[in-house]
Amino acid sequence: MSERKLTRHEMREAALLILFQSGLNDSPSEELIDEDVEAFGLEYNNESVKLVNGVIEHADELNGIISEYSTSRSLDRISVMNRTIMKIALYEILYCPSVPDKVAINEAVELSKEYCEKNDTAFINGLLSAFYRKRQSELATEKKDG
């Protein structure tokens, strides 16, 4: 665990790397964290671990959202990295009220610029933006009706 305070971006990046590896193999996240610290000098904090565990806990729901909003690719045709980035953003939008939705989307776009192909960044941004717009519309309707 990092002794220095990590930025929110570094915390998300650590969670991304742990989740990405867990998407490639079946090791429990604790094992992956230990391996990443040893092999790559990965720095992480409690927030990184909470994010990893939250995304894993809600993986089926998050994958369902990605499937619903992906008009051009089926879930199994979306790379593990792209799915992982989107799952982190979706989890933050749905379960982290302290993180503004647009910040979660922007962070996903920034991570995709670092770890994905250029056309993947547009895909990720488009999918997350479509989810955000529909969610805002639904929340506005609930507020009006409630």
# chains A, B, ... in the order shown; residues from 1 in each chain; ligands from 1
$ residues_around --residues "Met11 in chain A" --least-positions-apart "5" --cutoff "8 Å" --atoms "only C-alpha atoms" --output "PyMOL selection string"
chain A and resi 6+44-45+47-48
$ write_last_selection --atoms "C-alpha atoms" --output "PDB file, in the first residue's frame"
ATOM      1  CA  LEU A   6      -2.292   9.066  -4.433  1.00  0.00           C
ATOM      2  CA  TYR A  44      -2.362   1.616  -4.529  1.00  0.00           C
ATOM      3  CA  ASN A  45      -4.457   2.712  -1.557  1.00  0.00           C
ATOM      4  CA  GLU A  47      -9.714   3.643  -2.331  1.00  0.00           C
ATOM      5  CA  SER A  48      -8.136   1.575  -5.122  1.00  0.00           C
TER       6      SER A  48
END
$ residues_around --residues "Ala15 in chain A" --least-positions-apart "3" --cutoff "9 Å" --atoms "only C-alpha atoms" --output "compact mmCIF listing (two decimals) with C-alpha atoms, in the first residue's frame"
# COMPACT_ATOMS: atom_id res chain seq x y z
CA GLU A 10 -3.47 7.28 -9.76
CA MET A 11 -6.01 5.47 -7.57
CA ARG A 12 -8.18 4.70 -10.63
CA ILE A 18 -5.58 -4.84 -10.98
CA LEU A 19 -8.98 -5.31 -12.63
CA PHE A 20 -7.42 -5.73 -16.08
CA TYR A 44 -2.36 1.62 -4.53
CA GLU A 47 -9.71 3.64 -2.33
CA SER A 48 -8.14 1.57 -5.12
CA VAL A 49 -9.06 -1.64 -3.31
CA LYS A 50 -12.63 -0.41 -2.66
CA LEU A 51 -12.99 0.44 -6.33
CA VAL A 52 -11.66 -2.97 -7.41
CA ILE A 88 -14.83 1.63 -13.44
$ residues_around --residues "Leu75 in chain A" --least-positions-apart "4" --cutoff "10 Å" --atoms "only C-alpha atoms" --output "list in words"
Asn63, Gly64, Ile65, Ile66, Ser67, Glu68, Ser70, Ser79, Val80 and Arg83 of chain A
$ residues_around --residues "range 127-144 of chain A" --least-positions-apart "5" --cutoff "9 Å" --atoms "only C-alpha atoms" --output "list in words"
Ile65, Ile66, Tyr69, Ser70, Thr71, Met86, Ala89, Leu90, Ile93, Asp101, Lys102, Ile105, Ala108 and Ala122 of chain A
$ atom_distance --atom1 "CA of Ile124 in chain A" --atom2 "CA of Ile85 in chain A"
8.1 Å
$ atom_distance --atom1 "CA of Ser74 in chain A" --atom2 "CA of Cys116 in chain A"
17.8 Å
$ select_by_dssp --residues "range 1-145 of chain A" --states "alpha helix (DSSP H)" --output "PyMOL selection string"
chain A and resi 8-24+29-40+46-57+59-69+80-95+101-115+118-145
$ write_last_selection --atoms "C-alpha atoms" --output "compact mmCIF listing (two decimals), in the first residue's frame"
# COMPACT_ATOMS: atom_id res chain seq x y z
CA ARG A 8 -7.71 10.16 -7.77
CA HIS A 9 -6.27 9.43 -11.23
CA GLU A 10 -3.47 7.28 -9.76
CA MET A 11 -6.01 5.47 -7.57
CA ARG A 12 -8.18 4.70 -10.63
CA GLU A 13 -5.14 3.65 -12.64
CA ALA A 14 -4.09 1.19 -9.92
CA ALA A 15 -7.63 -0.22 -9.84
CA LEU A 16 -7.61 -0.46 -13.64
CA LEU A 17 -4.39 -2.48 -13.70
CA ILE A 18 -5.58 -4.84 -10.98
CA LEU A 19 -8.98 -5.31 -12.63
CA PHE A 20 -7.42 -5.73 -16.08
CA GLN A 21 -5.25 -8.56 -14.82
CA SER A 22 -8.15 -10.16 -13.00
CA GLY A 23 -10.02 -10.08 -16.33
CA LEU A 24 -7.20 -12.06 -17.93
CA SER A 29 -7.50 -9.50 -6.47
CA GLU A 30 -5.37 -9.77 -3.30
CA GLU A 31 -2.96 -12.10 -5.11
CA LEU A 32 -2.86 -9.80 -8.13
CA ILE A 33 -2.16 -6.77 -5.96
CA ASP A 34 0.79 -8.51 -4.31
CA GLU A 35 2.13 -9.62 -7.70
CA ASP A 36 1.72 -6.12 -9.21
CA VAL A 37 3.45 -4.46 -6.27
CA GLU A 38 6.36 -6.86 -6.59
CA ALA A 39 6.64 -6.89 -10.39
CA PHE A 40 5.74 -3.31 -11.28
CA ASN A 46 -7.65 1.75 0.25
CA GLU A 47 -9.71 3.64 -2.33
CA SER A 48 -8.14 1.57 -5.12
CA VAL A 49 -9.06 -1.64 -3.31
CA LYS A 50 -12.63 -0.41 -2.66
CA LEU A 51 -12.99 0.44 -6.33
CA VAL A 52 -11.66 -2.97 -7.41
CA ASN A 53 -13.99 -4.79 -5.02
CA GLY A 54 -17.00 -2.67 -6.04
CA VAL A 55 -16.44 -3.29 -9.74
CA ILE A 56 -16.00 -7.03 -9.13
CA GLU A 57 -19.12 -7.15 -6.95
CA ALA A 59 -19.53 -6.89 -12.69
CA ASP A 60 -22.66 -8.56 -14.08
CA GLU A 61 -24.69 -5.36 -13.80
CA LEU A 62 -21.89 -3.26 -15.32
CA ASN A 63 -21.38 -5.73 -18.18
CA GLY A 64 -25.13 -5.62 -18.79
CA ILE A 65 -25.02 -1.84 -19.15
CA ILE A 66 -22.08 -2.05 -21.54
CA SER A 67 -23.95 -4.66 -23.61
CA GLU A 68 -27.08 -2.53 -23.69
CA TYR A 69 -25.29 0.63 -24.82
CA VAL A 80 -10.74 -6.49 -21.59
CA MET A 81 -9.03 -3.10 -21.18
CA ASN A 82 -11.94 -1.18 -22.73
CA ARG A 83 -14.52 -3.09 -20.67
CA THR A 84 -12.51 -2.52 -17.51
CA ILE A 85 -12.23 1.23 -18.08
CA MET A 86 -15.97 1.48 -18.74
CA LYS A 87 -16.86 -0.66 -15.72
CA ILE A 88 -14.83 1.63 -13.44
CA ALA A 89 -16.62 4.72 -14.80
CA LEU A 90 -20.06 3.09 -14.63
CA TYR A 91 -19.42 1.91 -11.09
CA GLU A 92 -18.41 5.42 -10.04
CA ILE A 93 -21.48 6.93 -11.72
CA LEU A 94 -23.84 4.46 -10.05
CA TYR A 95 -22.25 3.90 -6.64
CA ASP A 101 -20.64 11.70 -13.35
CA LYS A 102 -18.75 13.87 -15.84
CA VAL A 103 -15.52 13.40 -13.86
CA ALA A 104 -15.96 9.60 -14.00
CA ILE A 105 -16.45 9.82 -17.77
CA ASN A 106 -13.52 12.20 -18.24
CA GLU A 107 -11.25 9.91 -16.22
CA ALA A 108 -12.31 6.95 -18.36
CA VAL A 109 -11.44 8.93 -21.48
CA GLU A 110 -8.05 9.89 -20.03
CA LEU A 111 -7.28 6.28 -19.07
CA SER A 112 -8.31 5.13 -22.53
CA LYS A 113 -5.90 7.64 -24.09
CA GLU A 114 -3.11 6.02 -22.08
CA TYR A 115 -4.06 2.37 -22.53
CA LYS A 118 -7.57 6.13 -30.51
CA ASN A 119 -10.84 4.73 -31.94
CA ASP A 120 -11.42 2.93 -28.62
CA THR A 121 -11.36 6.27 -26.81
CA ALA A 122 -14.20 7.55 -29.01
CA PHE A 123 -16.14 4.30 -28.44
CA ILE A 124 -15.71 4.50 -24.65
CA ASN A 125 -16.66 8.18 -24.55
CA GLY A 126 -19.70 7.58 -26.76
CA LEU A 127 -21.00 4.66 -24.72
CA LEU A 128 -20.52 6.38 -21.37
CA SER A 129 -22.01 9.64 -22.66
CA ALA A 130 -25.09 7.82 -23.98
CA PHE A 131 -25.54 6.12 -20.59
CA TYR A 132 -25.08 9.47 -18.82
CA ARG A 133 -27.67 11.26 -21.01
CA LYS A 134 -30.27 8.53 -20.51
CA ARG A 135 -29.60 8.42 -16.78
CA GLN A 136 -29.94 12.21 -16.50
CA SER A 137 -33.23 12.04 -18.39
CA GLU A 138 -34.52 9.27 -16.11
CA LEU A 139 -33.45 11.14 -12.97
CA ALA A 140 -35.16 14.32 -14.20
CA THR A 141 -38.37 12.37 -14.89
CA GLU A 142 -38.24 10.77 -11.42
CA LYS A 143 -37.73 14.16 -9.81
CA LYS A 144 -40.64 15.64 -11.75
CA ASP A 145 -42.92 12.69 -10.97
